[in-house]
Amino acid sequence: MSETAKNPKQYRIALRNCGLINPENILDYIVVGGYEALGRVLTTMSQDQVIDEIKKSGLRGRGGGGFSTGLKWEITKNQKSKDKYIICNADEGDPGAFMDRSILEGDPHSVLEAMVIGGYAIGAANGFIYIRAEYPLAIFRLQTALQQARELGFLGENIFNTSFSFDIQLKYGAGAFVCGEETALINSCEGKRGEPNYKPPYPAEEGYWGCPTCVNNVETFANIAPIILKGSSWFASIGTEKSKGTKVFALAGKVKNVGLVEVPMGTTLREIIFQIGGGIPNGHKFKAVQTGGPSGGVIPEKHLDIPLDYDNLVSIGSMMGSGGMIIMDETDNMVNIAKFYLEFTMDESCGRCTPCRIGTKRLYEKLNLITRRKGTMADIDAIKQLAYMVKGSSLCGLGQTAPNPVISTMKYFWDEYLALIKDIDHPRGEGRYQAKNKIGLKS
Amino acid sequence: MKIGSLENLKRIKEEYQKNMNIEQGGQTPEGQIKILVGMGTCGISSGSRETYNTFSDEITAQNITNAQVVPVGCIGCCHSEPTVQVNKPGEQPVLYGNVTKDKVREIIEQHIKNGKAVESLSLEINFDRM
């Protein structure tokens, strides 16, 4: 029996048990059908059957990449190696995103169960959950869940009396946003500095200590057990043609109902912000919404009716990302927003490749000049060149997507940039936002 | 005690279900009233630990035997933390927002004991679970 709402716009799959069960009691999870998917997989399905089911469901990576999960599992399974690993990416570095934290705090067993299923499918005997140290409650609940799962035999030797053995360990992040990138994450797991590697070879071919490794996001894992229990055609019936299932978004910023929403793919932004989110508070007008965190772009009013899915968002210059959605109203200055995100990515750049290390810093300095009304048109040209250079030649996703806020704010709010160059007394110039530290910055 | 088969799992599930009566919405006609207090980081930072403790203390003090307080994860309505959901057997669940510890008594008196939801605190449940 489920709670039926009067006008349901949300459909909870990944958050199905959050707010319903006690996350520190494994018996609660069992009562709502927990570990039944695992039992079914281990006792009645072959590895290929599991992978086939996940492929048919159309589940794509919820961490932002949108790569087909079933395909990733298949590639990892087909590698010939004695040792393989499956890693859960619980780093969640995006500012304003808290979907993974809520899943881990509210329903940790769903992630554990899915990892065992994934380990079985790809042929791994060990799994890791790479979780950021800034989530102490989620870490505590995971530790409790791991202990309880081991006691009942869902982790360890001969699970469900089959020949399959699997265990999970926790590894802790240390505050680096770049460690959300899978190769940097694997380097961090190995004890090295969190710097990304060249891809190919992809982690599915050579990852943790050179062995085939499959890295998946928390929300991707949260969708696995329902797909096994209710079937891939049920999952594929939700969403759009290329993006199946639901997505969890974390609404934040200038919106009445701040919080988590889980909607089927294909829901429009207007429905999410105005109907579920309750609209803009204090009588202000909507200006733009930023999706995908510091990797995404802004979306203005004219694109609000676009059905949300991976490809549609990329076509308008943004991206789904991990699901953070920051809403802005007319009191927000878009150049300041771009500067804020650049400050973040500049701080978090690992420094390995020159375009990102120096490019993000110069972009930030130029934006700083402009917001302090000391910029010229030459600076704006320099920003454009820098942005496309950083985007095109960076080693990893951090650098490749860092200029997105700048490029999209320039595309949709060009007049705000111009106004800061030409008007000495622009009413919304530098604004409230000040950089955290000015050490090492020119001008 | 390891669960070695699907049949074992089913048996444990049914045994626990009988004892604790937790269905998807707690809406079985018989059984206990469930008071679900959101204890994610969002809730705890807004004071839901005090809310939870106040509920437990009040229920023990007033000897209300047919109600039970359960700590749960984030319900998703972070704009109105601490959130509390009351599942009464046979009725639609009611979601309350901004339930600081001084509002607990009102909910117990009006809803738990007298069966009338507290309108001023209630939020709309605008989601379906799978």
# chains A, B, ... in the order shown; residues from 1 in each chain; ligands from 1
call {"tool": "closest_atom_pairs", "arguments": {"of": "chain A", "to": "chain B", "cutoff": "7 Å", "atoms": "only C-alpha atoms", "output": "Markdown table"}}
result
| residue | atom | partner | partner_atom | distance |
| --- | --- | --- | --- | --- |
| A:Met1 | CA | B:Gln24 | CA | 5.4 |
| A:Ser2 | CA | B:Gln24 | CA | 5.6 |
| A:Glu3 | CA | B:Gly25 | CA | 6.0 |
| A:Thr4 | CA | B:Asp128 | CA | 5.7 |
| A:Ala5 | CA | B:Asn126 | CA | 5.3 |
| A:Asn7 | CA | B:Asn126 | CA | 6.6 |
| A:Pro8 | CA | B:Phe127 | CA | 5.1 |
| A:Lys9 | CA | B:Phe127 | CA | 6.4 |
| A:Gln10 | CA | B:Phe127 | CA | 4.5 |
| A:Tyr11 | CA | B:Asp128 | CA | 4.9 |
| A:Arg12 | CA | B:Arg129 | CA | 4.6 |
| A:Ile13 | CA | B:Met130 | CA | 5.6 |
| A:Arg16 | CA | B:Arg129 | CA | 5.4 |
| A:Cys18 | CA | B:Gly73 | CA | 5.1 |
| A:Gly19 | CA | B:Ile75 | CA | 4.3 |
| A:Leu20 | CA | B:Val72 | CA | 6.0 |
| A:Ile21 | CA | B:Val72 | CA | 5.4 |
| A:Asn22 | CA | B:Val72 | CA | 4.5 |
| A:Pro23 | CA | B:Val72 | CA | 6.3 |
| A:Ile30 | CA | B:Lys13 | CA | 5.9 |
| A:Val31 | CA | B:Lys13 | CA | 5.0 |
| A:Val32 | CA | B:Gln24 | CA | 6.8 |
| A:Glu36 | CA | B:Leu6 | CA | 6.9 |
| A:Gly39 | CA | B:Leu6 | CA | 5.7 |
| A:Ser102 | CA | B:Cys74 | CA | 6.0 |
| A:Glu105 | CA | B:Gly73 | CA | 5.9 |
| A:Gly106 | CA | B:Gly73 | CA | 3.7 |
| A:Leu137 | CA | B:Thr41 | CA | 7.0 |
| A:Glu151 | CA | B:Lys2 | CA | 6.4 |
| A:Leu152 | CA | B:Lys2 | CA | 4.2 |
| A:Gly153 | CA | B:Lys2 | CA | 4.4 |
| A:Ile159 | CA | B:Gly4 | CA | 7.0 |
| A:Phe160 | CA | B:Gly4 | CA | 4.2 |
| A:Asn161 | CA | B:Gly4 | CA | 5.2 |
| A:Asn257 | CA | B:His79 | CA | 5.4 |
| A:Val258 | CA | B:His79 | CA | 4.9 |
| A:Gly259 | CA | B:Cys78 | CA | 4.5 |
| A:Leu260 | CA | B:Gly76 | CA | 4.7 |
| A:Val261 | CA | B:Gly76 | CA | 6.8 |
call {"tool": "residues_around", "arguments": {"residues": "stretch 229-238 of chain A", "least_positions_apart": "3", "cutoff": "8 Å", "atoms": "only C-alpha atoms", "output": "PDB file with N, CA and C atoms, in the first residue's frame"}}
result
ATOM      1  N   GLU A  36      15.308  -9.158  -1.116  1.00  0.00           N
ATOM      2  CA  GLU A  36      14.613 -10.169  -1.905  1.00  0.00           C
ATOM      3  C   GLU A  36      15.210 -10.169  -3.316  1.00  0.00           C
ATOM      4  N   ALA A  37      15.524  -8.970  -3.813  1.00  0.00           N
ATOM      5  CA  ALA A  37      16.135  -8.880  -5.144  1.00  0.00           C
ATOM      6  C   ALA A  37      17.457  -9.628  -5.146  1.00  0.00           C
ATOM      7  N   GLU A  53      18.992  -7.559 -17.847  1.00  0.00           N
ATOM      8  CA  GLU A  53      17.839  -6.881 -17.243  1.00  0.00           C
ATOM      9  C   GLU A  53      18.140  -5.397 -17.032  1.00  0.00           C
ATOM     10  N   ILE A  54      19.345  -5.104 -16.524  1.00  0.00           N
ATOM     11  CA  ILE A  54      19.686  -3.703 -16.265  1.00  0.00           C
ATOM     12  C   ILE A  54      19.832  -2.939 -17.585  1.00  0.00           C
ATOM     13  N   LYS A  56      18.224  -3.606 -20.392  1.00  0.00           N
ATOM     14  CA  LYS A  56      16.897  -3.414 -20.990  1.00  0.00           C
ATOM     15  C   LYS A  56      16.140  -2.309 -20.264  1.00  0.00           C
ATOM     16  N   SER A  57      16.432  -2.117 -18.979  1.00  0.00           N
ATOM     17  CA  SER A  57      15.683  -1.095 -18.246  1.00  0.00           C
ATOM     18  C   SER A  57      16.043   0.302 -18.716  1.00  0.00           C
ATOM     19  N   GLY A  58      17.230   0.451 -19.306  1.00  0.00           N
ATOM     20  CA  GLY A  58      17.618   1.781 -19.782  1.00  0.00           C
ATOM     21  C   GLY A  58      18.187   2.674 -18.711  1.00  0.00           C
ATOM     22  N   ALA A 225      17.639  -2.498  -7.146  1.00  0.00           N
ATOM     23  CA  ALA A 225      16.732  -3.504  -6.573  1.00  0.00           C
ATOM     24  C   ALA A 225      15.319  -3.408  -7.131  1.00  0.00           C
ATOM     25  N   PRO A 226      14.734  -2.193  -7.274  1.00  0.00           N
ATOM     26  CA  PRO A 226      13.400  -2.137  -7.883  1.00  0.00           C
ATOM     27  C   PRO A 226      13.365  -2.691  -9.298  1.00  0.00           C
ATOM     28  N   LYS A 244      15.361   6.835 -19.090  1.00  0.00           N
ATOM     29  CA  LYS A 244      14.291   6.093 -18.428  1.00  0.00           C
ATOM     30  C   LYS A 244      14.324   6.307 -16.925  1.00  0.00           C
ATOM     31  N   GLY A 245      13.192   6.083 -16.310  1.00  0.00           N
ATOM     32  CA  GLY A 245      13.138   6.096 -14.861  1.00  0.00           C
ATOM     33  C   GLY A 245      12.916   7.486 -14.301  1.00  0.00           C
ATOM     34  N   THR A 246      13.313   7.668 -13.047  1.00  0.00           N
ATOM     35  CA  THR A 246      13.105   8.941 -12.362  1.00  0.00           C
ATOM     36  C   THR A 246      14.456   9.541 -12.011  1.00  0.00           C
ATOM     37  N   PRO A 264       9.629  11.706 -12.622  1.00  0.00           N
ATOM     38  CA  PRO A 264       9.961  10.934 -13.812  1.00  0.00           C
ATOM     39  C   PRO A 264      10.687  11.827 -14.814  1.00  0.00           C
ATOM     40  N   MET A 265      11.601  11.220 -15.545  1.00  0.00           N
ATOM     41  CA  MET A 265      12.291  11.972 -16.601  1.00  0.00           C
ATOM     42  C   MET A 265      11.258  12.450 -17.598  1.00  0.00           C
TER      43      MET A 265
END
call {"tool": "residues_around", "arguments": {"residues": "A:Gly297", "least_positions_apart": "3", "cutoff": "7 Å", "atoms": "only C-alpha atoms", "output": "list in words"}}
result
Gln290, Thr291, Gly317, Ser318, Met319, Asn404, Pro405 and Ser408 of chain A
call {"tool": "select_by_dssp", "arguments": {"residues": "stretch 237-312 of chain A", "states": "strand (DSSP E or B)", "output": "number ranges by chain"}}
result
A: 239, 244, 246-253, 259-264, 268, 286-291, 298-300, 307
call {"tool": "atom_distance", "arguments": {"atom1": "atom CA of A:Lys374", "atom2": "atom CA of A:Ala419"}}
result
12.0 Å
call {"tool": "residues_around", "arguments": {"residues": "stretch 278-284 of chain A", "least_positions_apart": "5", "cutoff": "9 Å", "atoms": "only C-alpha atoms", "output": "list in words"}}
result
Lys254, Val255, Lys256, Asn257, Ile272, Ile273, Ile327, Met328, Asp329, Glu330 and Thr331 of chain A
call {"tool": "write_last_selection", "arguments": {"atoms": "C-alpha atoms", "output": "PDB file, in the first residue's frame"}}
result
ATOM      1  CA  LYS A 254      15.100  31.174  -4.241  1.00  0.00           C
ATOM      2  CA  VAL A 255      12.227  28.700  -4.089  1.00  0.00           C
ATOM      3  CA  LYS A 256       9.527  28.139  -1.468  1.00  0.00           C
ATOM      4  CA  ASN A 257       9.782  24.364  -1.043  1.00  0.00           C
ATOM      5  CA  ILE A 272       9.263  21.204 -10.813  1.00  0.00           C
ATOM      6  CA  ILE A 273       9.934  24.822  -9.862  1.00  0.00           C
ATOM      7  CA  ILE A 327      16.924  28.757  -8.562  1.00  0.00           C
ATOM      8  CA  MET A 328      17.631  32.467  -8.961  1.00  0.00           C
ATOM      9  CA  ASP A 329      15.401  35.501  -8.983  1.00  0.00           C
ATOM     10  CA  GLU A 330      15.763  39.004 -10.412  1.00  0.00           C
ATOM     11  CA  THR A 331      17.909  40.224  -7.500  1.00  0.00           C
TER      12      THR A 331
END
call {"tool": "select_by_dssp", "arguments": {"residues": "stretch 67-280 of chain A", "states": "alpha helix (DSSP H)", "output": "number ranges by chain"}}
result
A: 69-78, 99-106, 108-122, 136-151, 182-189, 218-222, 224-230, 232-236, 269-270
call {"tool": "closest_residue", "arguments": {"among": "A:Thr162, A:Arg372, A:Ile383, A:Pro300", "to": "A:Thr44", "atoms": "only C-alpha atoms"}}
result
A:Thr162
call {"tool": "closest_residue", "arguments": {"among": "B:Ser122, B:Gln32, B:Gln62, B:Ser56", "to": "B:Glu109", "atoms": "only C-alpha atoms"}}
result
B:Gln62
call {"tool": "atom_distance", "arguments": {"atom1": "atom CA of B:Arg11", "atom2": "atom CA of A:Leu146"}}
result
21.8 Å
call {"tool": "residues_around", "arguments": {"residues": "A:Val335", "least_positions_apart": "3", "cutoff": "10 Å", "atoms": "only C-alpha atoms", "output": "ChimeraX atom specification"}}
result
/A:332,338-340,367-368,370-371,405-406,409-410,413-414,416-417,420,428-431
call {"tool": "atom_distance", "arguments": {"atom1": "atom CA of A:Ile75", "atom2": "atom CA of A:Ala114"}}
result
17.8 Å
call {"tool": "closest_residue", "arguments": {"among": "A:Gly96, A:Pro307, A:Leu104, A:Ile87", "to": "A:Asn17", "atoms": "only C-alpha atoms"}}
result
A:Leu104
